[in-house]
file protein.pdb (PDB, C-alpha atoms, pLDDT in the B column)
MODEL        1
ATOM      1  CA  MET A  53     157.453 112.653  89.721  1.00 66.00           C
ATOM      2  CA  SER A  54     160.576 113.415  91.634  1.00 87.00           C
ATOM      3  CA  LEU A  55     160.744 115.474  94.780  1.00 87.00           C
ATOM      4  CA  THR A  56     162.932 117.978  92.967  1.00 91.00           C
ATOM      5  CA  ARG A  57     160.267 118.546  90.315  1.00 91.00           C
ATOM      6  CA  LEU A  58     157.606 118.875  93.016  1.00 91.00           C
ATOM      7  CA  ALA A  59     159.700 121.533  94.787  1.00 90.00           C
ATOM      8  CA  GLU A  60     160.094 123.404  91.462  1.00 92.00           C
ATOM      9  CA  ILE A  61     156.334 123.365  90.871  1.00 93.00           C
ATOM     10  CA  LYS A  62     155.641 124.603  94.402  1.00 91.00           C
ATOM     11  CA  SER A  63     158.133 127.409  93.902  1.00 92.00           C
ATOM     12  CA  GLN A  64     156.478 128.354  90.597  1.00 94.00           C
ATOM     13  CA  LEU A  65     153.067 128.304  92.245  1.00 93.00           C
ATOM     14  CA  SER A  66     154.323 130.602  94.975  1.00 91.00           C
ATOM     15  CA  GLU A  67     155.763 133.045  92.428  1.00 93.00           C
ATOM     16  CA  LEU A  68     152.572 132.942  90.338  1.00 95.00           C
ATOM     17  CA  GLN A  69     150.457 133.593  93.439  1.00 94.00           C
ATOM     18  CA  LYS A  70     152.600 136.609  94.295  1.00 93.00           C
ATOM     19  CA  GLU A  71     152.203 137.906  90.725  1.00 93.00           C
ATOM     20  CA  ALA A  72     148.423 137.360  90.855  1.00 92.00           C
ATOM     21  CA  ASP A  73     148.236 139.207  94.182  1.00 91.00           C
ATOM     22  CA  GLU A  74     150.130 142.175  92.697  1.00 91.00           C
ATOM     23  CA  ILE A  75     147.808 142.310  89.687  1.00 91.00           C
ATOM     24  CA  ILE A  76     144.751 142.238  91.946  1.00 91.00           C
ATOM     25  CA  LYS A  77     146.252 144.935  94.176  1.00 88.00           C
ATOM     26  CA  SER A  78     146.965 147.270  91.269  1.00 87.00           C
ATOM     27  CA  GLU A  79     143.626 146.628  89.522  1.00 91.00           C
ATOM     28  CA  ARG A  80     141.722 146.970  92.779  1.00 90.00           C
ATOM     29  CA  ILE A  81     142.837 150.568  93.179  1.00 89.00           C
ATOM     30  CA  ALA A  82     141.629 151.399  89.657  1.00 89.00           C
ATOM     31  CA  VAL A  83     138.294 149.653  90.221  1.00 91.00           C
ATOM     32  CA  ILE A  84     137.719 151.459  93.510  1.00 92.00           C
ATOM     33  CA  LYS A  85     138.466 154.786  91.806  1.00 92.00           C
ATOM     34  CA  GLU A  86     136.008 153.939  89.013  1.00 93.00           C
ATOM     35  CA  ILE A  87     133.296 153.062  91.536  1.00 94.00           C
ATOM     36  CA  GLN A  88     133.925 156.270  93.469  1.00 94.00           C
ATOM     37  CA  ASP A  89     133.695 158.318  90.268  1.00 94.00           C
ATOM     38  CA  LYS A  90     130.382 156.684  89.340  1.00 94.00           C
ATOM     39  CA  MET A  91     129.027 157.225  92.839  1.00 92.00           C
ATOM     40  CA  ASN A  92     129.981 160.890  92.625  1.00 93.00           C
ATOM     41  CA  ASN A  93     128.488 161.302  89.141  1.00 93.00           C
ATOM     42  CA  PHE A  94     125.171 159.782  90.232  1.00 92.00           C
ATOM     43  CA  ASP A  95     125.152 161.234  93.764  1.00 92.00           C
ATOM     44  CA  ILE A  96     125.098 157.784  95.364  1.00 91.00           C
ATOM     45  CA  THR A  97     126.065 157.559  99.021  1.00 90.00           C
ATOM     46  CA  ILE A  98     127.446 154.590 100.913  1.00 88.00           C
ATOM     47  CA  GLU A  99     124.383 154.741 103.165  1.00 88.00           C
ATOM     48  CA  GLU A 100     122.164 154.420 100.112  1.00 86.00           C
ATOM     49  CA  LEU A 101     124.069 151.347  98.950  1.00 84.00           C
ATOM     50  CA  GLN A 102     123.812 149.785 102.385  1.00 84.00           C
ATOM     51  CA  ARG A 103     120.095 150.536 102.565  1.00 83.00           C
ATOM     52  CA  LYS A 104     119.526 149.035  99.108  1.00 73.00           C
ATOM     53  CA  ALA A 105     121.456 145.925 100.077  1.00 72.00           C
ATOM     54  CA  LYS A 106     119.362 145.426 103.210  1.00 73.00           C
ATOM     55  CA  THR A 107     116.039 145.925 101.445  1.00 73.00           C
ATOM     56  CA  ALA A 108     116.838 143.898  98.339  1.00 67.00           C
ATOM     57  CA  LYS A 109     114.372 141.055  98.142  1.00 69.00           C
ATOM     58  CA  PRO A 110     115.465 137.603  97.069  1.00 68.00           C
ATOM     59  CA  ALA A 111     113.945 136.205  93.910  1.00 67.00           C
ATOM     60  CA  SER A 112     110.664 134.604  94.773  1.00 67.00           C
ATOM     61  CA  SER A 113     110.340 130.935  94.113  1.00 70.00           C
ATOM     62  CA  LYS A 114     107.008 130.365  92.481  1.00 75.00           C
ATOM     63  CA  SER A 115     105.161 127.245  93.420  1.00 78.00           C
ATOM     64  CA  PRO A 116     103.821 125.135  90.583  1.00 82.00           C
ATOM     65  CA  ALA A 117     100.369 126.058  89.297  1.00 87.00           C
ATOM     66  CA  VAL A 118      97.463 124.091  90.712  1.00 92.00           C
ATOM     67  CA  ILE A 119      95.635 121.861  88.250  1.00 93.00           C
ATOM     68  CA  LYS A 120      92.101 123.196  87.783  1.00 95.00           C
ATOM     69  CA  TYR A 121      90.790 120.858  85.078  1.00 95.00           C
ATOM     70  CA  ARG A 122      91.626 117.177  84.568  1.00 94.00           C
ATOM     71  CA  LYS A 123      90.310 114.799  81.930  1.00 92.00           C
ATOM     72  CA  SER A 124      92.749 111.966  82.611  1.00 91.00           C
ATOM     73  CA  GLU A 125      96.044 111.399  84.357  1.00 88.00           C
ATOM     74  CA  HIS A 126      97.943 112.891  81.418  1.00 91.00           C
ATOM     75  CA  GLU A 127      95.364 115.412  80.227  1.00 93.00           C
ATOM     76  CA  TYR A 128      94.988 118.401  82.501  1.00 93.00           C
ATOM     77  CA  TRP A 129      95.063 122.200  82.416  1.00 94.00           C
ATOM     78  CA  VAL A 130      95.831 124.805  85.077  1.00 94.00           C
ATOM     79  CA  GLY A 131      93.462 127.322  83.514  1.00 92.00           C
ATOM     80  CA  ARG A 132      96.215 129.643  82.329  1.00 90.00           C
ATOM     81  CA  GLY A 133      97.924 129.977  79.000  1.00 91.00           C
ATOM     82  CA  PRO A 134      96.745 128.469  75.727  1.00 94.00           C
ATOM     83  CA  LYS A 135      94.017 125.876  75.971  1.00 94.00           C
ATOM     84  CA  PRO A 136      95.250 122.348  75.301  1.00 95.00           C
ATOM     85  CA  GLY A 137      93.719 120.341  72.477  1.00 95.00           C
ATOM     86  CA  TRP A 138      91.456 118.259  74.705  1.00 94.00           C
ATOM     87  CA  VAL A 139      89.878 121.438  76.177  1.00 95.00           C
ATOM     88  CA  LYS A 140      89.234 122.807  72.698  1.00 95.00           C
ATOM     89  CA  GLU A 141      87.640 119.493  71.688  1.00 94.00           C
ATOM     90  CA  VAL A 142      85.336 119.564  74.720  1.00 94.00           C
ATOM     91  CA  GLU A 143      84.265 123.127  73.934  1.00 94.00           C
ATOM     92  CA  ASN A 144      83.821 122.357  70.217  1.00 96.00           C
ATOM     93  CA  ARG A 145      81.400 119.584  71.189  1.00 95.00           C
ATOM     94  CA  GLY A 146      79.403 122.206  73.075  1.00 95.00           C
ATOM     95  CA  GLU A 147      80.234 120.726  76.472  1.00 92.00           C
ATOM     96  CA  SER A 148      81.292 122.729  79.496  1.00 93.00           C
ATOM     97  CA  ILE A 149      84.848 122.465  80.695  1.00 92.00           C
ATOM     98  CA  GLU A 150      83.477 122.819  84.227  1.00 93.00           C
ATOM     99  CA  GLN A 151      82.596 119.119  84.301  1.00 94.00           C
ATOM    100  CA  TYR A 152      86.355 118.493  84.409  1.00 94.00           C
ATOM    101  CA  ARG A 153      87.044 120.949  87.249  1.00 94.00           C
ATOM    102  CA  VAL A 154      89.176 119.436  90.010  1.00 93.00           C
ATOM    103  CA  PRO A 155      87.482 119.810  93.430  1.00 89.00           C
ATOM    104  CA  VAL A 156      89.394 122.019  95.831  1.00 81.00           C
TER     105      VAL A 156
ENDMDL
END
call {"tool": "encode", "arguments": {"input": "protein.pdb", "output": "structure tokens"}}
result
Amino acid sequence: MSLTRLAEIKSQLSELQKEADEIIKSERIAVIKEIQDKMNNFDITIEELQRKAKTAKPASSKSPAVIKYRKSEHEYWVGRGPKPGWVKEVENRGESIEQYRVPV
């Protein structure tokens, strides 16, 4: 690529950036007006928005469920949700699932 072509591309980039900035500037005014109208329609204050932002809680990261019953390395159950096949088999034999409880 020649230096002349590089200079042309840089010039085009500069012009495109100016155009993008103008679009953002003109759209920004419309968006701000729309937000203001909605705030007025719903009686929302800036203070309320700031308060909501400060008190918003981040999504909690749940820790994995603790295994409560284990028959083998690959056969276990946390005690929640549908019972796996091996638990149903144990119960169908009349045995207690408690014999497979993992000590705490």
call {"tool": "residues_around", "arguments": {"input": "protein.pdb", "residues": "region 133-146 of chain A", "least_positions_apart": "3", "cutoff": "12 Å", "atoms": "all atoms listed in the file", "output": "list in words"}}
result
Ala117, Lys120, Tyr121, Arg122, Lys123, Ser124, His126, Glu127, Tyr128, Trp129, Val130, Ile149, Glu150, Gln151, Tyr152 and Arg153 of chain A
call {"tool": "atom_distance", "arguments": {"input": "protein.pdb", "atom1": "CA of Glu74 (chain A)", "atom2": "CA of Met91 (chain A)"}}
result
25.9 Å
call {"tool": "atom_distance", "arguments": {"input": "protein.pdb", "atom1": "CA of Pro116 (chain A)", "atom2": "CA of Arg132 (chain A)"}}
result
12.1 Å
call {"tool": "closest_residue", "arguments": {"input": "protein.pdb", "among": "A:Val154, A:Asp89, A:Phe94, A:Ala105", "to": "Gly131 (chain A)", "atoms": "only C-alpha atoms"}}
result
A:Val154
call {"tool": "atom_distance", "arguments": {"input": "protein.pdb", "atom1": "CA of Lys104 (chain A)", "atom2": "CA of Ile84 (chain A)"}}
result
19.2 Å
call {"tool": "closest_residue", "arguments": {"input": "protein.pdb", "among": "A:Lys106, A:Thr97, A:Lys85, A:Pro155", "to": "Val118 (chain A)", "atoms": "all atoms listed in the file"}}
result
A:Pro155
